[in-house]
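Q: Here you go, query22.pdb (PDB, C-alpha atoms, pLDDT in the B column):
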```pdb
ATOM      1  CA  MET A   1     -97.898 -59.371 126.641  1.00 92.00           C
ATOM      2  CA  PRO A   2     -95.426 -59.860 123.749  1.00 96.00           C
ATOM      3  CA  LYS A   3     -92.091 -58.077 124.156  1.00 98.00           C
ATOM      4  CA  ILE A   4     -89.661 -56.541 121.660  1.00 98.00           C
ATOM      5  CA  ALA A   5     -86.241 -55.221 122.680  1.00 98.00           C
ATOM      6  CA  VAL A   6     -84.877 -52.627 120.252  1.00 98.00           C
ATOM      7  CA  ILE A   7     -81.135 -51.952 120.374  1.00 98.00           C
ATOM      8  CA  LEU A   8     -80.335 -48.352 119.405  1.00 98.00           C
ATOM      9  CA  PRO A   9     -76.591 -48.018 118.789  1.00 98.00           C
ATOM     10  CA  PRO A  10     -74.823 -44.660 118.513  1.00 97.00           C
ATOM     11  CA  GLY A  11     -75.826 -43.137 115.163  1.00 97.00           C
ATOM     12  CA  PHE A  12     -78.914 -45.366 114.845  1.00 98.00           C
ATOM     13  CA  ALA A  13     -80.904 -45.161 111.605  1.00 98.00           C
ATOM     14  CA  ASP A  14     -84.077 -43.209 112.379  1.00 96.00           C
ATOM     15  CA  TRP A  15     -86.335 -44.969 109.852  1.00 95.00           C
ATOM     16  CA  GLU A  16     -85.422 -48.561 110.685  1.00 97.00           C
ATOM     17  CA  TYR A  17     -87.198 -48.864 114.048  1.00 97.00           C
ATOM     18  CA  ALA A  18     -89.938 -46.235 113.688  1.00 96.00           C
ATOM     19  CA  TYR A  19     -92.777 -48.567 112.668  1.00 96.00           C
ATOM     20  CA  ILE A  20     -91.889 -51.035 115.432  1.00 97.00           C
ATOM     21  CA  ALA A  21     -92.028 -48.312 118.084  1.00 96.00           C
ATOM     22  CA  GLY A  22     -94.916 -46.384 116.576  1.00 95.00           C
ATOM     23  CA  THR A  23     -97.258 -49.297 115.943  1.00 94.00           C
ATOM     24  CA  GLY A  24     -96.038 -52.151 118.170  1.00 94.00           C
ATOM     25  CA  GLY A  25     -97.285 -50.732 121.452  1.00 91.00           C
ATOM     26  CA  PRO A  26     -99.968 -48.214 120.545  1.00 93.00           C
ATOM     27  CA  PHE A  27    -101.816 -50.377 117.996  1.00 94.00           C
ATOM     28  CA  TYR A  28    -100.866 -53.976 118.703  1.00 96.00           C
ATOM     29  CA  GLY A  29    -100.335 -54.106 122.476  1.00 95.00           C
ATOM     30  CA  ILE A  30     -96.684 -55.156 122.294  1.00 97.00           C
ATOM     31  CA  ASP A  31     -94.283 -53.995 125.009  1.00 98.00           C
ATOM     32  CA  VAL A  32     -91.458 -52.291 123.081  1.00 98.00           C
ATOM     33  CA  ARG A  33     -88.407 -51.285 125.121  1.00 98.00           C
ATOM     34  CA  PHE A  34     -85.204 -49.592 124.035  1.00 98.00           C
ATOM     35  CA  TYR A  35     -81.648 -50.595 124.931  1.00 98.00           C
ATOM     36  CA  THR A  36     -78.244 -49.275 123.923  1.00 97.00           C
ATOM     37  CA  ILE A  37     -74.648 -50.393 124.124  1.00 95.00           C
ATOM     38  CA  TRP A  38     -73.676 -47.720 126.645  1.00 94.00           C
ATOM     39  CA  PRO A  39     -76.662 -46.288 128.565  1.00 97.00           C
ATOM     40  CA  GLY A  40     -77.100 -42.559 128.262  1.00 97.00           C
ATOM     41  CA  GLU A  41     -77.725 -40.304 125.327  1.00 98.00           C
ATOM     42  CA  VAL A  42     -77.417 -41.678 121.815  1.00 97.00           C
ATOM     43  CA  VAL A  43     -77.912 -39.534 118.738  1.00 98.00           C
ATOM     44  CA  SER A  44     -79.499 -40.837 115.543  1.00 98.00           C
ATOM     45  CA  GLN A  45     -78.129 -40.386 112.024  1.00 96.00           C
ATOM     46  CA  GLY A  46     -80.679 -37.616 111.591  1.00 97.00           C
ATOM     47  CA  GLY A  47     -79.531 -35.823 114.754  1.00 98.00           C
ATOM     48  CA  LEU A  48     -82.312 -36.919 117.129  1.00 97.00           C
ATOM     49  CA  PRO A  49     -80.957 -37.264 120.676  1.00 98.00           C
ATOM     50  CA  ALA A  50     -82.464 -40.145 122.648  1.00 97.00           C
ATOM     51  CA  LYS A  51     -81.841 -40.882 126.302  1.00 97.00           C
ATOM     52  CA  VAL A  52     -81.733 -44.654 126.772  1.00 98.00           C
ATOM     53  CA  SER A  53     -81.281 -45.843 130.334  1.00 97.00           C
ATOM     54  CA  ARG A  54     -81.107 -49.594 129.650  1.00 98.00           C
ATOM     55  CA  GLY A  55     -77.918 -51.328 128.524  1.00 97.00           C
ATOM     56  CA  THR A  56     -77.825 -54.421 126.341  1.00 97.00           C
ATOM     57  CA  ASP A  57     -76.684 -56.425 129.373  1.00 95.00           C
ATOM     58  CA  GLU A  58     -80.215 -56.005 130.787  1.00 97.00           C
ATOM     59  CA  ILE A  59     -81.992 -57.663 127.843  1.00 97.00           C
ATOM     60  CA  ALA A  60     -81.494 -61.235 129.087  1.00 94.00           C
ATOM     61  CA  ASP A  61     -83.367 -60.546 132.339  1.00 96.00           C
ATOM     62  CA  TRP A  62     -86.344 -59.111 130.465  1.00 97.00           C
ATOM     63  CA  HIS A  63     -86.920 -62.246 128.312  1.00 96.00           C
ATOM     64  CA  ALA A  64     -87.922 -60.464 125.109  1.00 97.00           C
ATOM     65  CA  ASP A  65     -89.702 -62.377 122.370  1.00 98.00           C
ATOM     66  CA  VAL A  66     -87.602 -60.549 119.770  1.00 98.00           C
ATOM     67  CA  VAL A  67     -84.289 -58.706 120.060  1.00 98.00           C
ATOM     68  CA  THR A  68     -83.969 -56.211 117.218  1.00 98.00           C
ATOM     69  CA  VAL A  69     -80.688 -54.614 116.131  1.00 98.00           C
ATOM     70  CA  VAL A  70     -81.056 -51.271 114.355  1.00 98.00           C
ATOM     71  CA  GLY A  71     -78.494 -50.232 111.757  1.00 98.00           C
ATOM     72  CA  SER A  72     -75.773 -47.636 112.285  1.00 98.00           C
ATOM     73  CA  PHE A  73     -72.402 -46.812 110.778  1.00 97.00           C
ATOM     74  CA  CYS A  74     -70.924 -47.916 114.123  1.00 97.00           C
ATOM     75  CA  TRP A  75     -71.450 -51.584 113.127  1.00 97.00           C
ATOM     76  CA  GLU A  76     -69.165 -51.022 110.101  1.00 97.00           C
ATOM     77  CA  GLN A  77     -66.249 -49.569 112.056  1.00 94.00           C
ATOM     78  CA  GLU A  78     -63.180 -51.410 113.249  1.00 90.00           C
ATOM     79  CA  GLY A  79     -63.785 -52.205 116.907  1.00 91.00           C
ATOM     80  CA  ALA A  80     -67.577 -52.237 116.444  1.00 95.00           C
ATOM     81  CA  PRO A  81     -69.548 -53.070 119.595  1.00 96.00           C
ATOM     82  CA  ASP A  82     -69.801 -56.805 120.251  1.00 96.00           C
ATOM     83  CA  ILE A  83     -73.277 -57.924 121.335  1.00 98.00           C
ATOM     84  CA  SER A  84     -72.789 -61.549 120.306  1.00 98.00           C
ATOM     85  CA  ASP A  85     -73.495 -62.827 123.828  1.00 97.00           C
ATOM     86  CA  VAL A  86     -76.882 -61.089 123.942  1.00 97.00           C
ATOM     87  CA  LEU A  87     -77.871 -62.374 120.503  1.00 98.00           C
ATOM     88  CA  THR A  88     -76.688 -65.965 120.962  1.00 98.00           C
ATOM     89  CA  MET A  89     -78.364 -66.211 124.365  1.00 97.00           C
ATOM     90  CA  GLN A  90     -81.617 -65.030 122.769  1.00 98.00           C
ATOM     91  CA  ARG A  91     -81.379 -67.768 120.113  1.00 97.00           C
ATOM     92  CA  GLU A  92     -80.393 -70.414 122.679  1.00 97.00           C
ATOM     93  CA  ARG A  93     -83.641 -69.583 124.489  1.00 97.00           C
ATOM     94  CA  GLY A  94     -85.550 -70.278 121.268  1.00 97.00           C
ATOM     95  CA  ARG A  95     -86.447 -66.627 120.744  1.00 98.00           C
ATOM     96  CA  ALA A  96     -86.158 -64.440 117.652  1.00 98.00           C
ATOM     97  CA  VAL A  97     -83.355 -62.072 116.699  1.00 98.00           C
ATOM     98  CA  ALA A  98     -83.646 -59.431 114.006  1.00 98.00           C
ATOM     99  CA  GLY A  99     -81.193 -57.156 112.225  1.00 98.00           C
ATOM    100  CA  ILE A 100     -81.769 -54.499 109.599  1.00 98.00           C
ATOM    101  CA  CYS A 101     -79.159 -52.831 107.402  1.00 98.00           C
ATOM    102  CA  ALA A 102     -75.841 -52.666 109.291  1.00 98.00           C
ATOM    103  CA  GLY A 103     -77.572 -54.344 112.244  1.00 98.00           C
ATOM    104  CA  THR A 104     -77.196 -57.569 110.240  1.00 98.00           C
ATOM    105  CA  LEU A 105     -73.447 -57.284 110.844  1.00 98.00           C
ATOM    106  CA  ALA A 106     -73.993 -57.866 114.576  1.00 98.00           C
ATOM    107  CA  LEU A 107     -75.913 -61.058 113.716  1.00 98.00           C
ATOM    108  CA  ALA A 108     -73.198 -62.131 111.247  1.00 98.00           C
ATOM    109  CA  ARG A 109     -70.444 -61.604 113.843  1.00 97.00           C
ATOM    110  CA  ALA A 110     -72.401 -63.739 116.307  1.00 98.00           C
ATOM    111  CA  GLY A 111     -72.538 -66.578 113.745  1.00 98.00           C
ATOM    112  CA  LEU A 112     -76.324 -66.376 113.522  1.00 98.00           C
ATOM    113  CA  LEU A 113     -76.408 -66.039 109.721  1.00 98.00           C
ATOM    114  CA  ASP A 114     -74.206 -69.041 108.971  1.00 98.00           C
ATOM    115  CA  LYS A 115     -76.999 -71.649 108.810  1.00 98.00           C
ATOM    116  CA  VAL A 116     -80.160 -69.724 107.870  1.00 98.00           C
ATOM    117  CA  ARG A 117     -81.451 -67.948 104.787  1.00 98.00           C
ATOM    118  CA  HIS A 118     -80.872 -64.213 105.236  1.00 98.00           C
ATOM    119  CA  THR A 119     -80.395 -60.900 103.501  1.00 98.00           C
ATOM    120  CA  SER A 120     -78.690 -57.565 104.134  1.00 98.00           C
ATOM    121  CA  ASN A 121     -77.654 -54.563 102.082  1.00 97.00           C
ATOM    122  CA  ASP A 122     -75.690 -56.892  99.756  1.00 94.00           C
ATOM    123  CA  PRO A 123     -73.437 -59.951 100.139  1.00 96.00           C
ATOM    124  CA  ALA A 124     -70.171 -57.962  99.979  1.00 97.00           C
ATOM    125  CA  PHE A 125     -71.428 -55.743 102.794  1.00 97.00           C
ATOM    126  CA  LEU A 126     -71.423 -58.797 105.079  1.00 97.00           C
ATOM    127  CA  THR A 127     -68.116 -60.297 103.897  1.00 96.00           C
ATOM    128  CA  ASP A 128     -66.294 -56.948 103.931  1.00 96.00           C
ATOM    129  CA  ASN A 129     -67.452 -55.968 107.426  1.00 97.00           C
ATOM    130  CA  ALA A 130     -67.756 -59.299 109.268  1.00 96.00           C
ATOM    131  CA  PRO A 131     -64.747 -61.537 108.522  1.00 93.00           C
ATOM    132  CA  GLU A 132     -66.220 -64.334 110.660  1.00 93.00           C
ATOM    133  CA  TYR A 133     -69.350 -64.476 108.480  1.00 97.00           C
ATOM    134  CA  ALA A 134     -69.705 -67.900 106.813  1.00 97.00           C
ATOM    135  CA  GLY A 135     -73.280 -67.777 105.508  1.00 97.00           C
ATOM    136  CA  GLY A 136     -72.611 -66.690 101.925  1.00 97.00           C
ATOM    137  CA  PRO A 137     -74.323 -69.692 100.270  1.00 98.00           C
ATOM    138  CA  LEU A 138     -77.555 -68.899 102.164  1.00 98.00           C
ATOM    139  CA  TYR A 139     -77.625 -65.201 101.271  1.00 98.00           C
ATOM    140  CA  GLN A 140     -80.866 -64.129  99.545  1.00 98.00           C
ATOM    141  CA  ALA A 141     -80.802 -61.037  97.322  1.00 97.00           C
ATOM    142  CA  SER A 142     -84.134 -59.651  98.501  1.00 97.00           C
ATOM    143  CA  PRO A 143     -85.622 -56.151  98.666  1.00 96.00           C
ATOM    144  CA  LYS A 144     -87.790 -57.390 101.571  1.00 96.00           C
ATOM    145  CA  ALA A 145     -87.143 -58.917 104.979  1.00 98.00           C
ATOM    146  CA  VAL A 146     -86.180 -62.591 105.092  1.00 98.00           C
ATOM    147  CA  THR A 147     -87.137 -64.826 108.031  1.00 98.00           C
ATOM    148  CA  ASP A 148     -85.675 -68.267 108.677  1.00 98.00           C
ATOM    149  CA  ASP A 149     -85.656 -70.208 111.957  1.00 98.00           C
ATOM    150  CA  LEU A 150     -86.503 -67.102 114.034  1.00 97.00           C
ATOM    151  CA  VAL A 151     -83.727 -65.031 112.441  1.00 98.00           C
ATOM    152  CA  ILE A 152     -85.055 -61.933 110.679  1.00 98.00           C
ATOM    153  CA  THR A 153     -82.903 -59.836 108.368  1.00 98.00           C
ATOM    154  CA  ALA A 154     -83.556 -56.933 106.011  1.00 98.00           C
ATOM    155  CA  PRO A 155     -81.741 -54.363 103.927  1.00 98.00           C
ATOM    156  CA  GLY A 156     -81.993 -50.809 105.226  1.00 97.00           C
ATOM    157  CA  THR A 157     -84.535 -50.011 102.514  1.00 96.00           C
ATOM    158  CA  ALA A 158     -87.100 -52.486 103.901  1.00 96.00           C
ATOM    159  CA  PRO A 159     -88.368 -51.131 107.232  1.00 96.00           C
ATOM    160  CA  THR A 160     -91.986 -52.079 106.450  1.00 94.00           C
ATOM    161  CA  THR A 161     -91.487 -55.788 105.790  1.00 96.00           C
ATOM    162  CA  PHE A 162     -88.902 -55.872 108.580  1.00 97.00           C
ATOM    163  CA  THR A 163     -91.433 -54.442 111.027  1.00 97.00           C
ATOM    164  CA  ALA A 164     -94.118 -56.904 109.914  1.00 96.00           C
ATOM    165  CA  ALA A 165     -91.734 -59.838 110.401  1.00 97.00           C
ATOM    166  CA  VAL A 166     -90.629 -58.577 113.839  1.00 98.00           C
ATOM    167  CA  LEU A 167     -94.222 -57.998 114.990  1.00 97.00           C
ATOM    168  CA  GLU A 168     -95.244 -61.434 113.755  1.00 97.00           C
ATOM    169  CA  ALA A 169     -92.276 -63.076 115.533  1.00 98.00           C
ATOM    170  CA  ALA A 170     -93.403 -61.305 118.718  1.00 98.00           C
ATOM    171  CA  GLY A 171     -96.832 -62.915 118.427  1.00 96.00           C
ATOM    172  CA  LEU A 172     -98.915 -60.711 116.128  1.00 95.00           C
ATOM    173  CA  ASP A 173    -101.200 -62.979 114.100  1.00 93.00           C
ATOM    174  CA  ALA A 174    -100.439 -63.408 110.394  1.00 92.00           C
ATOM    175  CA  GLY A 175    -103.666 -61.704 109.262  1.00 94.00           C
ATOM    176  CA  THR A 176    -102.938 -58.564 111.256  1.00 94.00           C
ATOM    177  CA  ALA A 177     -99.336 -58.573 109.990  1.00 92.00           C
ATOM    178  CA  ARG A 178    -100.677 -58.722 106.393  1.00 91.00           C
ATOM    179  CA  GLN A 179    -103.017 -55.846 107.204  1.00 93.00           C
ATOM    180  CA  PHE A 180    -100.054 -53.805 108.525  1.00 93.00           C
ATOM    181  CA  ARG A 181     -98.016 -54.487 105.360  1.00 91.00           C
ATOM    182  CA  ALA A 182    -100.954 -53.494 103.148  1.00 92.00           C
ATOM    183  CA  MET A 183    -101.571 -50.311 105.132  1.00 91.00           C
ATOM    184  CA  ALA A 184     -97.890 -49.289 104.982  1.00 89.00           C
ATOM    185  CA  ALA A 185     -97.645 -50.095 101.268  1.00 85.00           C
ATOM    186  CA  ALA A 186    -100.856 -48.306 100.255  1.00 87.00           C
ATOM    187  CA  GLU A 187     -99.084 -45.120  99.208  1.00 84.00           C
ATOM    188  CA  HIS A 188     -97.035 -47.071  96.619  1.00 78.00           C
ATOM    189  CA  ARG A 189    -100.012 -48.409  94.690  1.00 79.00           C
TER     190      ARG A 189
END
```
The structure in this file should be written as structure tokens.

A:
Amino acid sequence: MPKIAVILPPGFADWEYAYIAGTGGPFYGIDVRFYTIWPGEVVSQGGLPAKVSRGTDEIADWHADVVTVVGSFCWEQEGAPDISDVLTMQRERGRAVAGICAGTLALARAGLLDKVRHTSNDPAFLTDNAPEYAGGPLYQASPKAVTDDLVITAPGTAPTTFTAAVLEAAGLDAGTARQFRAMAAAEHR
């Protein structure tokens, strides 16, 4: 069974993981599990309390197909949590990593955006909040998710294409991923 690890930081963005959780398991048979920096209760930007018993240090033992980092204002703060070890180990195993919105900052700090095409909220967002980021020439101004060499990135306004890319990286076939994108986009036609 394909596996997706979703990292919910304190103040996680409610809309950025919802499609992954709501469709990944129930509709596509993917094992979606939640992790957080410090196990216990985390509260979303919208005020939803979530009790998460797994810490990010447990991800490596689970061998997820994709590790997904959800956005939060915590990634923009001085002294932001450092999950570089988790993310680089995932890539060293040849598995996908994904970041949406401020979650892309965790990927930038780990050096995972330096050699692949990627996107985020905007280029200055990365340079202002991740001084170690060196991937500027590969930045793609895109309203949709960008995937390159098993690194998936998206601005916070693109949870649909982000979800499709994450599900596909976990093993969902391309046709079903297209069907998901079409279904989610139907209201905008």

Q: Give the centre and edge lengths of an axis-aligned box, in Å to one decimal, that holds all listed atoms of region 5-20 of chain A with 5 Å on each side, as JSON.

A:
```
{"center_x": -83.8, "center_y": -49.2, "center_z": 116.3, "size_x": 28.0, "size_y": 22.1, "size_z": 22.8}
```

Q: Taking the file as I've supplied it (selection: the PyMOL selection byres ((chain A and resi 84) around 9)), which residues are included? Please answer as a VMD selection string.

A: chain A and resid 82 to 83 85 to 89 106 to 107 109 to 111

Q: What are the closest atom pairs, with distances in Å to one decimal, for all residues of region 76-116 of chain A lying within 12 Å of region 157-161 of chain A? Consider all atoms listed in the file, order rows by chain and residue number, and present the result as a tab-separated table.

A:
```
residue	atom	partner	partner_atom	distance
A:Ala98	CA	A:Pro159	CA	11.7
A:Gly99	CA	A:Pro159	CA	10.6
A:Ile100	CA	A:Pro159	CA	7.8
A:Cys101	CA	A:Thr157	CA	7.8
A:Ala102	CA	A:Thr157	CA	11.3
```

Q: Smallest atom-to-atom distance to Arg91 (chain A): which of A:Ala60, A:Val166, A:Ala134, A:Gln77, using all atoms listed in the file?

A: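 Answer, going by the shortest atom-to-atom distance: A:Ala60.
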
Q: With only C-alpha atoms as the basis for distance, which of A:Ala96, A:Leu150, A:Leu112, A:Leu8 is at the shortest distance from Leu48 (chain A)?

A: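 Distance minimum relative to Leu48 (chain A) lands on A:Leu8.
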
Q: To test your reading of the syntax: which residues would the PyMOL selection byres ((chain A and resi 56) around 6) return for the file shown? Reply as an MDAnalysis selection string.

A: chainID A and resid 35:37 55 57:59

Q: Just C-alpha atoms for this one: save the residues we selected as a short mmCIF file (atom, residue, chain, number, x, y, z; two decimals), in the frame of the given file.

A:
```cif
data_model
loop_
_atom_site.label_atom_id
_atom_site.label_comp_id
_atom_site.auth_asym_id
_atom_site.auth_seq_id
_atom_site.Cartn_x
_atom_site.Cartn_y
_atom_site.Cartn_z
CA TYR A 35 -81.65 -50.60 124.93
CA THR A 36 -78.24 -49.28 123.92
CA ILE A 37 -74.65 -50.39 124.12
CA GLY A 55 -77.92 -51.33 128.52
CA ASP A 57 -76.68 -56.42 129.37
CA GLU A 58 -80.22 -56.00 130.79
CA ILE A 59 -81.99 -57.66 127.84
#
```

Q: Restricting the calculation to only C-alpha atoms: of A:Pro9, A:Gly94, A:Gly29, A:Gly24, which residue gets closest to Phe180 (chain A)?

A: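 Among the listed residues, A:Gly24 lies closest to Phe180 (chain A).
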
Q: Just how far from CA of Phe162 (chain A) is CA of Gly47 (chain A), in Å to one decimal?

A: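 So the two atoms, CA of Gly47 (chain A) and CA of Phe162 (chain A), lie 23.0 Å apart.
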
Q: When you look at region 1-3 of chain A with a cut-off of 9 Å (counting only C-alpha atoms), what residues show up, excluding the ones that are within fewer than 3 positions of it in the same chain? I need them as a count of residues only.

A: 14

Q: What is the distance between CA of Lys115 (chain A) and CA of Arg93 (chain A), in Å to one decimal?

A: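 These atoms are spaced 17.2 Å apart.
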
Q: Tell me, as a ChimeraX atom specification, which residues lie within 7 Å of Tyr139 (chain A), counting only C-alpha atoms; anything in the same chain fewer than 4 positions away does not count.

A: /A:117-119,123,135

Q: So, counting only C-alpha atoms, which residue among A:Pro26, A:Pro10, A:Pro131, A:Gly40 is closest to Cys74 (chain A)?

A: A:Pro10

Q: Pick from A:Ala145, A:Phe34, A:Asp128, A:Thr104: nearest to Arg181 (chain A), with only C-alpha atoms counted?

A: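 Between A:Ala145, A:Phe34, A:Asp128, A:Thr104, the residue approaching Arg181 (chain A) most closely is A:Ala145.
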
Q: In Å, with one decimal, what is the gap from CA of Ala50 (chain A) to CA of Phe73 (chain A)?

A: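 Going from CA of Ala50 (chain A) over to CA of Phe73 (chain A), I get 16.9 Å.
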
Q: Which of these, A:Val6, A:Leu105, A:Ala80, A:Ala21, has the shortest distance to Arg54 (chain A) once you count all atoms listed in the file?

A: A:Val6

Q: Please evaluate the PyMOL selection byres ((chain A and resi 122) around 9) against the structure above and give the resulting residues as a list of chain:residue names.

A: A:Thr119, A:Ser120, A:Asn121, A:Pro123, A:Ala124, A:Phe125, A:Leu126, A:Tyr139, A:Gln140, A:Ala141, A:Ser142, A:Pro155

Q: Using C-alpha atoms, can you write the selected residues to a file as a PDB file, in the coordinates of the input?

A:
```
ATOM      1  CA  THR A 119     -80.395 -60.900 103.501  1.00 98.00           C
ATOM      2  CA  SER A 120     -78.690 -57.565 104.134  1.00 98.00           C
ATOM      3  CA  ASN A 121     -77.654 -54.563 102.082  1.00 97.00           C
ATOM      4  CA  PRO A 123     -73.437 -59.951 100.139  1.00 96.00           C
ATOM      5  CA  ALA A 124     -70.171 -57.962  99.979  1.00 97.00           C
ATOM      6  CA  PHE A 125     -71.428 -55.743 102.794  1.00 97.00           C
ATOM      7  CA  LEU A 126     -71.423 -58.797 105.079  1.00 97.00           C
ATOM      8  CA  TYR A 139     -77.625 -65.201 101.271  1.00 98.00           C
ATOM      9  CA  GLN A 140     -80.866 -64.129  99.545  1.00 98.00           C
ATOM     10  CA  ALA A 141     -80.802 -61.037  97.322  1.00 97.00           C
ATOM     11  CA  SER A 142     -84.134 -59.651  98.501  1.00 97.00           C
ATOM     12  CA  PRO A 155     -81.741 -54.363 103.927  1.00 98.00           C
TER      13      PRO A 155
END
```

Q: May I have the residues within 10 Å of Arg178 (chain A) as a VMD selection string, using all atoms listed in the file and disregarding those fewer than 4 positions away in the same chain?

A: chain A and resid 161 164 to 165 168 173 to 174 182 to 184
